[in-house]
file target06.json (JSON, C-alpha atoms)
[["chain", "number", "residue", "atom", "x", "y", "z"],
["A", 1, "MET", "CA", 103.41, 61.28, -117.82],
["A", 2, "ILE", "CA", 100.39, 60.15, -115.83],
["A", 3, "THR", "CA", 97.21, 60.53, -117.86],
["A", 4, "GLU", "CA", 93.97, 61.92, -116.47],
["A", 5, "GLU", "CA", 92.16, 58.72, -117.38],
["A", 6, "SER", "CA", 94.42, 56.50, -115.31],
["A", 7, "VAL", "CA", 93.95, 58.68, -112.22],
["A", 8, "LEU", "CA", 90.21, 58.70, -112.86],
["A", 9, "PHE", "CA", 90.13, 54.89, -113.17],
["A", 10, "PHE", "CA", 92.12, 54.53, -109.96],
["A", 11, "SER", "CA", 89.83, 56.91, -108.10],
["A", 12, "ILE", "CA", 86.67, 55.16, -109.31],
["A", 13, "ALA", "CA", 88.09, 51.75, -108.44],
["A", 14, "LEU", "CA", 88.98, 52.91, -104.93],
["A", 15, "PHE", "CA", 85.52, 54.43, -104.51],
["A", 16, "SER", "CA", 83.88, 51.18, -105.68],
["A", 17, "ILE", "CA", 85.89, 49.21, -103.13],
["A", 18, "GLY", "CA", 84.65, 51.64, -100.46],
["A", 19, "VAL", "CA", 81.04, 51.22, -101.59],
["A", 20, "PHE", "CA", 81.50, 47.43, -101.55],
["A", 21, "GLY", "CA", 82.79, 47.64, -98.00],
["A", 22, "VAL", "CA", 79.85, 49.72, -96.79],
["A", 23, "LEU", "CA", 77.42, 47.30, -98.46],
["A", 24, "VAL", "CA", 78.84, 44.00, -97.22],
["A", 25, "ARG", "CA", 80.22, 44.70, -93.75],
["A", 26, "ARG", "CA", 77.90, 44.61, -90.76],
["A", 27, "ASN", "CA", 80.52, 45.89, -88.31],
["A", 28, "LEU", "CA", 80.21, 49.62, -87.61],
["A", 29, "LEU", "CA", 84.01, 50.02, -87.39],
["A", 30, "PHE", "CA", 84.51, 48.52, -90.87],
["A", 31, "ILE", "CA", 81.78, 50.71, -92.30],
["A", 32, "LEU", "CA", 83.67, 53.76, -91.01],
["A", 33, "ILE", "CA", 86.90, 52.44, -92.57],
["A", 34, "SER", "CA", 85.13, 51.99, -95.91],
["A", 35, "ILE", "CA", 83.84, 55.55, -95.73],
["A", 36, "GLU", "CA", 87.46, 56.65, -95.21],
["A", 37, "LEU", "CA", 88.40, 54.81, -98.41],
["A", 38, "MET", "CA", 85.66, 56.60, -100.35],
["A", 39, "LEU", "CA", 86.75, 60.00, -99.00],
["A", 40, "ASN", "CA", 90.30, 59.20, -100.09],
["A", 41, "ALA", "CA", 89.15, 58.31, -103.59],
["A", 42, "VAL", "CA", 87.52, 61.74, -103.89],
["A", 43, "ALA", "CA", 90.60, 63.42, -102.44],
["A", 44, "VAL", "CA", 92.81, 61.78, -105.08],
["A", 45, "LEU", "CA", 90.50, 63.15, -107.76],
["A", 46, "PHE", "CA", 90.66, 66.67, -106.32],
["A", 47, "VAL", "CA", 94.46, 66.68, -106.08],
["A", 48, "ALA", "CA", 94.82, 65.22, -109.58],
["A", 49, "ALA", "CA", 92.45, 67.82, -111.05],
["A", 50, "SER", "CA", 94.36, 70.60, -109.29],
["A", 51, "SER", "CA", 97.59, 69.24, -110.74],
["A", 52, "PHE", "CA", 96.30, 68.78, -114.30],
["A", 53, "HIS", "CA", 94.65, 72.21, -114.43],
["A", 54, "ASN", "CA", 97.50, 74.01, -112.66],
["A", 55, "ASN", "CA", 95.07, 75.43, -110.13],
["A", 56, "SER", "CA", 95.62, 75.12, -106.40],
["A", 57, "ASP", "CA", 91.88, 75.21, -105.57],
["A", 58, "GLY", "CA", 91.81, 71.41, -105.69],
["A", 59, "GLN", "CA", 94.34, 71.19, -102.89],
["A", 60, "ILE", "CA", 92.30, 73.65, -100.83],
["A", 61, "MET", "CA", 89.38, 71.28, -101.24],
["A", 62, "TYR", "CA", 91.68, 68.40, -100.25],
["A", 63, "LEU", "CA", 92.45, 70.26, -97.00],
["A", 64, "LEU", "CA", 88.71, 70.64, -96.38],
["A", 65, "ILE", "CA", 88.17, 66.91, -97.05],
["A", 66, "LEU", "CA", 90.95, 66.15, -94.57],
["A", 67, "THR", "CA", 89.23, 68.29, -91.91],
["A", 68, "LEU", "CA", 85.91, 66.66, -92.73],
["A", 69, "ALA", "CA", 87.42, 63.17, -92.44],
["A", 70, "ALA", "CA", 88.99, 63.99, -89.07],
["A", 71, "SER", "CA", 85.72, 65.31, -87.62],
["A", 72, "GLU", "CA", 83.74, 62.44, -89.14],
["A", 73, "VAL", "CA", 86.08, 59.90, -87.57],
["A", 74, "ALA", "CA", 85.92, 61.64, -84.18],
["A", 75, "VAL", "CA", 82.12, 61.63, -84.09],
["A", 76, "GLY", "CA", 81.84, 58.19, -85.71],
["A", 77, "LEU", "CA", 84.20, 56.56, -83.23],
["A", 78, "GLY", "CA", 82.31, 58.25, -80.38],
["A", 79, "LEU", "CA", 79.17, 56.57, -81.72],
["A", 80, "VAL", "CA", 81.03, 53.24, -82.02],
["A", 81, "ILE", "CA", 82.11, 53.41, -78.37],
["A", 82, "GLN", "CA", 78.60, 54.37, -77.24],
["A", 83, "MET", "CA", 77.06, 51.53, -79.25],
["A", 84, "TYR", "CA", 79.52, 49.02, -77.80],
["A", 85, "ARG", "CA", 78.71, 50.21, -74.28],
["A", 86, "ARG", "CA", 75.00, 49.80, -74.84],
["A", 87, "SER", "CA", 74.75, 46.55, -76.79],
["A", 88, "LYS", "CA", 78.23, 44.92, -76.35],
["A", 89, "THR", "CA", 78.40, 44.34, -80.10],
["A", 90, "LEU", "CA", 79.16, 46.37, -83.22],
["A", 91, "ASP", "CA", 76.64, 44.54, -85.43],
["A", 92, "VAL", "CA", 74.59, 47.27, -87.10],
["A", 93, "ASP", "CA", 71.69, 44.84, -87.56],
["A", 94, "GLN", "CA", 71.28, 44.91, -83.79],
["A", 95, "LEU", "CA", 70.33, 48.57, -84.13],
["A", 96, "SER", "CA", 67.04, 47.52, -85.71],
["A", 97, "SER", "CA", 65.75, 47.31, -82.14],
["A", 98, "MET", "CA", 65.80, 51.13, -82.23],
["A", 99, "LYS", "CA", 62.80, 51.29, -84.54],
["A", 100, "GLY", "CA", 59.48, 51.98, -82.88],
["B", 4, "MET", "CA", 95.67, 52.06, -130.32],
["B", 5, "MET", "CA", 97.67, 49.64, -128.20],
["B", 6, "THR", "CA", 100.77, 49.82, -130.37],
["B", 7, "THR", "CA", 104.17, 49.91, -128.70],
["B", 8, "MET", "CA", 103.25, 52.01, -125.69],
["B", 9, "VAL", "CA", 106.33, 53.23, -123.92],
["B", 10, "PHE", "CA", 105.74, 54.03, -120.27],
["B", 11, "SER", "CA", 107.80, 56.63, -118.52],
["B", 12, "THR", "CA", 109.22, 56.09, -115.05],
["B", 13, "THR", "CA", 106.51, 58.28, -113.49],
["B", 14, "GLN", "CA", 103.84, 56.21, -115.17],
["B", 15, "ILE", "CA", 105.30, 52.91, -114.01],
["B", 16, "LEU", "CA", 105.59, 54.26, -110.46],
["B", 17, "PHE", "CA", 101.99, 55.44, -110.64],
["B", 18, "PHE", "CA", 100.72, 52.04, -111.82],
["B", 19, "ILE", "CA", 102.62, 50.24, -109.07],
["B", 20, "ALA", "CA", 101.34, 52.64, -106.39],
["B", 21, "ALA", "CA", 97.78, 52.43, -107.72],
["B", 22, "GLY", "CA", 97.94, 48.63, -107.77],
["B", 23, "VAL", "CA", 99.26, 48.51, -104.20],
["B", 24, "ALA", "CA", 96.56, 50.94, -103.05],
["B", 25, "LEU", "CA", 93.74, 48.97, -104.71],
["B", 26, "VAL", "CA", 94.93, 45.57, -103.46],
["B", 27, "SER", "CA", 95.40, 46.80, -99.90],
["B", 28, "ALA", "CA", 92.02, 48.57, -100.03],
["B", 29, "LEU", "CA", 90.40, 45.28, -101.07],
["B", 30, "LEU", "CA", 92.21, 43.48, -98.25],
["B", 31, "THR", "CA", 91.06, 46.23, -95.85],
["B", 32, "VAL", "CA", 87.38, 45.67, -96.47],
["B", 33, "THR", "CA", 87.61, 41.86, -96.32],
["B", 34, "ARG", "CA", 89.60, 41.24, -93.11],
["B", 35, "TYR", "CA", 87.97, 39.74, -90.02],
["B", 36, "ASN", "CA", 90.56, 41.19, -87.66],
["B", 37, "ALA", "CA", 90.12, 44.96, -87.30],
["B", 38, "VAL", "CA", 93.81, 45.54, -86.54],
["B", 39, "HIS", "CA", 94.88, 43.78, -89.76],
["B", 40, "ALA", "CA", 92.36, 45.85, -91.71],
["B", 41, "LEU", "CA", 93.75, 49.06, -90.21],
["B", 42, "LEU", "CA", 97.32, 48.09, -91.08],
["B", 43, "TYR", "CA", 96.25, 47.49, -94.69],
["B", 44, "LEU", "CA", 94.48, 50.87, -94.57],
["B", 45, "VAL", "CA", 97.79, 52.48, -93.58],
["B", 46, "ILE", "CA", 99.40, 50.91, -96.66],
["B", 47, "THR", "CA", 96.59, 52.32, -98.80],
["B", 48, "MET", "CA", 97.20, 55.78, -97.35],
["B", 49, "LEU", "CA", 100.95, 55.55, -98.01],
["B", 50, "ALA", "CA", 100.34, 54.47, -101.60],
["B", 51, "ILE", "CA", 97.91, 57.36, -102.10],
["B", 52, "SER", "CA", 100.52, 59.69, -100.63],
["B", 53, "LEU", "CA", 103.01, 58.45, -103.23],
["B", 54, "ILE", "CA", 100.45, 59.12, -105.96],
["B", 55, "PHE", "CA", 100.01, 62.67, -104.63],
["B", 56, "TYR", "CA", 103.75, 63.14, -104.81],
["B", 57, "LEU", "CA", 103.86, 61.83, -108.38],
["B", 58, "LEU", "CA", 101.10, 64.29, -109.26],
["B", 59, "GLY", "CA", 103.30, 67.15, -108.09],
["B", 60, "ALA", "CA", 101.37, 67.82, -104.89],
["B", 61, "SER", "CA", 104.12, 67.38, -102.33],
["B", 62, "PHE", "CA", 102.23, 69.33, -99.65],
["B", 63, "ALA", "CA", 99.18, 67.05, -99.97],
["B", 64, "ALA", "CA", 101.48, 64.01, -99.88],
["B", 65, "ALA", "CA", 102.98, 65.16, -96.58],
["B", 66, "LEU", "CA", 99.55, 65.94, -95.13],
["B", 67, "GLN", "CA", 98.23, 62.53, -96.21],
["B", 68, "ILE", "CA", 100.90, 60.81, -94.13],
["B", 69, "ILE", "CA", 100.78, 63.21, -91.17],
["B", 70, "VAL", "CA", 97.02, 63.48, -90.81],
["B", 71, "TYR", "CA", 95.72, 60.18, -92.19],
["B", 72, "ALA", "CA", 98.41, 57.66, -91.36],
["B", 73, "GLY", "CA", 99.54, 59.60, -88.30],
["B", 74, "ALA", "CA", 96.36, 60.82, -86.65],
["B", 75, "ILE", "CA", 93.18, 59.28, -88.04],
["B", 76, "ILE", "CA", 94.46, 55.70, -88.18],
["B", 77, "VAL", "CA", 95.90, 56.04, -84.66],
["B", 78, "LEU", "CA", 92.44, 57.11, -83.48],
["B", 79, "PHE", "CA", 90.96, 54.02, -85.13],
["B", 80, "ILE", "CA", 93.59, 51.77, -83.57],
["B", 81, "PHE", "CA", 92.97, 53.20, -80.09],
["B", 82, "VAL", "CA", 89.24, 52.54, -80.36],
["B", 83, "THR", "CA", 89.88, 49.06, -81.77],
["B", 84, "MET", "CA", 92.17, 48.27, -78.85],
["B", 85, "MET", "CA", 89.49, 49.50, -76.44],
["B", 86, "LEU", "CA", 86.83, 47.28, -77.98],
["B", 87, "HIS", "CA", 88.90, 44.33, -79.17],
["B", 88, "GLN", "CA", 88.55, 41.12, -77.17],
["B", 89, "GLY", "CA", 90.84, 38.88, -79.17],
["B", 90, "GLU", "CA", 89.54, 35.58, -80.50],
["B", 91, "ILE", "CA", 85.92, 36.17, -79.51],
["B", 92, "THR", "CA", 85.67, 39.32, -81.63],
["B", 93, "ILE", "CA", 87.26, 37.62, -84.63],
["B", 94, "ARG", "CA", 84.88, 34.65, -84.34],
["B", 95, "GLN", "CA", 81.91, 37.03, -84.04],
["B", 96, "GLU", "CA", 83.12, 38.95, -87.07],
["B", 97, "SER", "CA", 83.55, 35.79, -89.16],
["B", 98, "GLN", "CA", 79.87, 35.09, -88.51],
["B", 99, "LEU", "CA", 78.85, 38.64, -89.39],
["B", 100, "PHE", "CA", 80.80, 38.83, -92.66],
["B", 101, "ARG", "CA", 80.76, 35.87, -95.03],
["B", 102, "PRO", "CA", 82.43, 36.47, -98.38],
["B", 103, "GLY", "CA", 79.99, 34.02, -100.00],
["B", 104, "ARG", "CA", 77.04, 36.16, -98.99],
["B", 105, "SER", "CA", 78.56, 39.37, -100.37],
["B", 106, "ILE", "CA", 78.53, 38.27, -104.02],
["B", 107, "GLY", "CA", 75.47, 40.41, -104.76],
["B", 108, "ALA", "CA", 77.00, 43.59, -103.45],
["B", 109, "GLY", "CA", 80.26, 42.75, -105.20],
["B", 110, "ILE", "CA", 78.50, 42.33, -108.54],
["B", 111, "LEU", "CA", 76.64, 45.62, -108.09],
["B", 112, "SER", "CA", 79.88, 47.48, -107.28],
["B", 113, "LEU", "CA", 81.63, 45.87, -110.24],
["B", 114, "ILE", "CA", 78.79, 46.84, -112.59],
["B", 115, "LEU", "CA", 79.09, 50.49, -111.48],
["B", 116, "LEU", "CA", 82.87, 50.36, -111.87],
["B", 117, "PHE", "CA", 82.80, 48.85, -115.37],
["B", 118, "GLU", "CA", 80.01, 51.18, -116.48],
["B", 119, "VAL", "CA", 82.03, 54.29, -115.69],
["B", 120, "MET", "CA", 85.20, 52.75, -117.10],
["B", 121, "PHE", "CA", 83.36, 51.87, -120.32],
["B", 122, "LEU", "CA", 82.00, 55.41, -120.61],
["B", 123, "LEU", "CA", 85.50, 56.85, -120.23],
["B", 124, "SER", "CA", 87.30, 54.34, -122.42],
["B", 125, "PRO", "CA", 87.67, 54.66, -126.21],
["B", 126, "LEU", "CA", 85.50, 51.54, -126.63],
["B", 127, "SER", "CA", 82.31, 53.48, -125.92],
["B", 128, "GLY", "CA", 80.29, 55.18, -128.64],
["B", 129, "LEU", "CA", 81.75, 58.60, -127.88],
["B", 130, "THR", "CA", 83.82, 59.72, -130.84],
["B", 131, "GLU", "CA", 87.22, 61.25, -130.49],
["B", 132, "ALA", "CA", 85.75, 64.66, -131.35],
["B", 133, "ASP", "CA", 83.23, 64.50, -128.48],
["B", 134, "VAL", "CA", 85.96, 63.69, -126.01],
["B", 135, "ASN", "CA", 88.22, 66.39, -127.42],
["B", 136, "THR", "CA", 85.59, 69.12, -127.12],
["B", 137, "ALA", "CA", 84.91, 68.01, -123.55],
["B", 138, "VAL", "CA", 88.59, 67.92, -122.66],
["B", 139, "SER", "CA", 89.89, 70.91, -124.59],
["B", 140, "LYS", "CA", 87.60, 73.29, -122.69],
["B", 141, "VAL", "CA", 89.78, 72.97, -119.64],
["B", 142, "ASN", "CA", 93.11, 73.24, -121.44],
["B", 143, "VAL", "CA", 94.91, 70.31, -119.90],
["B", 144, "VAL", "CA", 98.66, 70.72, -120.14],
["B", 145, "GLY", "CA", 99.93, 67.92, -117.92],
["B", 146, "ILE", "CA", 101.26, 67.63, -114.41],
["B", 147, "ASN", "CA", 102.05, 70.86, -112.62],
["B", 148, "GLU", "CA", 103.94, 71.26, -109.42],
["B", 149, "ILE", "CA", 101.83, 73.05, -106.80],
["B", 150, "ASP", "CA", 103.80, 73.69, -103.65],
["B", 151, "ALA", "CA", 102.78, 74.61, -100.13],
["B", 152, "LYS", "CA", 103.42, 78.30, -100.70],
["B", 153, "GLU", "CA", 100.81, 78.58, -103.40],
["B", 154, "VAL", "CA", 98.25, 76.69, -101.33],
["B", 155, "GLY", "CA", 99.05, 78.77, -98.26],
["B", 156, "LEU", "CA", 98.62, 82.05, -100.11],
["B", 157, "LYS", "CA", 95.21, 80.96, -101.39],
["B", 158, "LEU", "CA", 94.26, 79.61, -97.97],
["B", 159, "PHE", "CA", 94.91, 82.87, -96.18],
["B", 160, "GLY", "CA", 93.70, 85.06, -99.02],
["B", 161, "PRO", "CA", 90.47, 84.30, -100.88],
["B", 162, "TYR", "CA", 89.71, 81.15, -98.84],
["B", 163, "LEU", "CA", 90.02, 82.62, -95.35],
["B", 164, "LEU", "CA", 86.37, 81.83, -94.64],
["B", 165, "LEU", "CA", 87.05, 78.18, -95.47],
["B", 166, "VAL", "CA", 89.71, 78.02, -92.76],
["B", 167, "GLU", "CA", 87.25, 79.40, -90.25],
["B", 168, "ILE", "CA", 84.58, 76.93, -91.37],
["B", 169, "ALA", "CA", 87.12, 74.13, -90.93],
["B", 170, "ALA", "CA", 87.94, 75.37, -87.44],
["B", 171, "LEU", "CA", 84.25, 75.49, -86.55],
["B", 172, "LEU", "CA", 83.76, 71.99, -87.98],
["B", 173, "LEU", "CA", 86.59, 70.62, -85.85],
["B", 174, "LEU", "CA", 85.25, 72.34, -82.74],
["B", 175, "THR", "CA", 81.78, 70.90, -83.39],
["B", 176, "ALA", "CA", 83.29, 67.43, -83.87],
["B", 177, "LEU", "CA", 85.24, 67.83, -80.62],
["B", 178, "ILE", "CA", 82.13, 68.75, -78.66],
["B", 179, "GLY", "CA", 80.10, 66.02, -80.35],
["B", 180, "ALA", "CA", 82.72, 63.33, -79.73],
["B", 181, "PHE", "CA", 83.12, 64.44, -76.11],
["B", 182, "HIS", "CA", 79.38, 64.29, -75.54],
["B", 183, "LEU", "CA", 79.00, 60.91, -77.23],
["B", 184, "GLY", "CA", 81.99, 59.34, -75.53],
["B", 185, "ARG", "CA", 81.02, 60.48, -72.04],
["B", 186, "ARG", "CA", 79.38, 58.01, -69.69],
["B", 187, "HIS", "CA", 75.95, 59.18, -68.67],
["B", 188, "GLN", "CA", 75.28, 60.21, -65.09],
["B", 189, "GLU", "CA", 72.70, 57.50, -64.44],
["B", 190, "GLU", "CA", 75.11, 54.83, -65.67],
["B", 191, "ALA", "CA", 77.84, 56.08, -63.36],
["B", 192, "LEU", "CA", 75.63, 55.77, -60.31]]

call {"tool": "encode", "arguments": {"input": "target06.json", "output": "structure tokens"}}
result
Amino acid sequence: MITEESVLFFSIALFSIGVFGVLVRRNLLFILISIELMLNAVAVLFVAASSFHNNSDGQIMYLLILTLAASEVAVGLGLVIQMYRRSKTLDVDQLSSMKG
Amino acid sequence: MMTTMVFSTTQILFFIAAGVALVSALLTVTRYNAVHALLYLVITMLAISLIFYLLGASFAAALQIIVYAGAIIVLFIFVTMMLHQGEITIRQESQLFRPGRSIGAGILSLILLFEVMFLLSPLSGLTEADVNTAVSKVNVVGINEIDAKEVGLKLFGPYLLLVEIAALLLLTALIGAFHLGRRHQEEAL
């Protein structure tokens, strides 16, 4: 049987990898991918909790996370395209020219 | 504590899937080529889907493949193909991301990871009784199968408002993405 701790460790490890990605990548596309990884780590935790507690509320929250991820990706990729059109690069450091 | 642990098949499958997911996630965040990173991300999603299935959430497992691997990743790949310029992009990216420079962030992430793992592991100062009182409150009985019917009944019963919020969220995202992706009038002229 899968223990709660092992799922928890897996989820935390996946979340840490996502945080690492957001911290080290300067490419907007990779930052979005890392955010997807973090959302997935939380989703695993929700589904596991729903399974261990025999309560389907966790899966309802998983559905909401899925919706959230889809909308976040749609808006985020719109921003990526707009940024590429304006500055021909996806380097987020280039956005420092936005400050006044 | 570590005496003759016998792992069941489910456990072995879980460890393999978790290992695959973690390795491919690490490869995802360290690739220069965006398409390679996205393919590794698909593998991560498939491994997570397997974990969902092992946890008895077959509906979530199906949704993970359909929505994540099928829709969200495809969206990413379309945008990558729009923006990708082959060798130039990869060379640019190798200048933007140097693994040698990311040691600091890696150490910080690892510290956070090990801190939480230490807190949860039996090595920490928490006695068995502390953990038991924290765990026994929720009456954990093991893995339970939760099928689509149960989720659907909840979704269209007490959580009806949540469905409407989700619909509103998707509509907002659609309008936002349309507005952001549109070329402006002055640029078109």

call {"tool": "closest_residue", "arguments": {"input": "target06.json", "among": "A:Ala41, A:Val19, A:Val47, A:Leu29", "to": "A:Thr89", "atoms": "only C-alpha atoms"}}
result
A:Leu29

call {"tool": "closest_residue", "arguments": {"input": "target06.json", "among": "B:Leu122, B:Ile114, B:Leu163, B:Leu44", "to": "A:Leu8", "atoms": "all atoms listed in the file"}}
result
B:Leu122

call {"tool": "interface_residues", "arguments": {"input": "target06.json", "of": "chain A", "to": "chain B", "cutoff": "8 Å", "atoms": "only C-alpha atoms", "output": "PyMOL selection string"}}
result
chain A and resi 1-3+5+9-10+12-14+16-21+23-27+29-30+33-34+37+44+47-48+51-57+59-60+62+64+66-68+70-79+81-82+84+91

call {"tool": "atom_distance", "arguments": {"input": "target06.json", "atom1": "atom CA of A:Phe15", "atom2": "atom CA of A:Met38"}}
result
4.7 Å

call {"tool": "atom_distance", "arguments": {"input": "target06.json", "atom1": "atom CA of B:Ala72", "atom2": "atom CA of B:Ile19"}}
result
19.7 Å

call {"tool": "atom_distance", "arguments": {"input": "target06.json", "atom1": "atom CA of A:Leu45", "atom2": "atom CA of A:Ser11"}}
result
6.3 Å
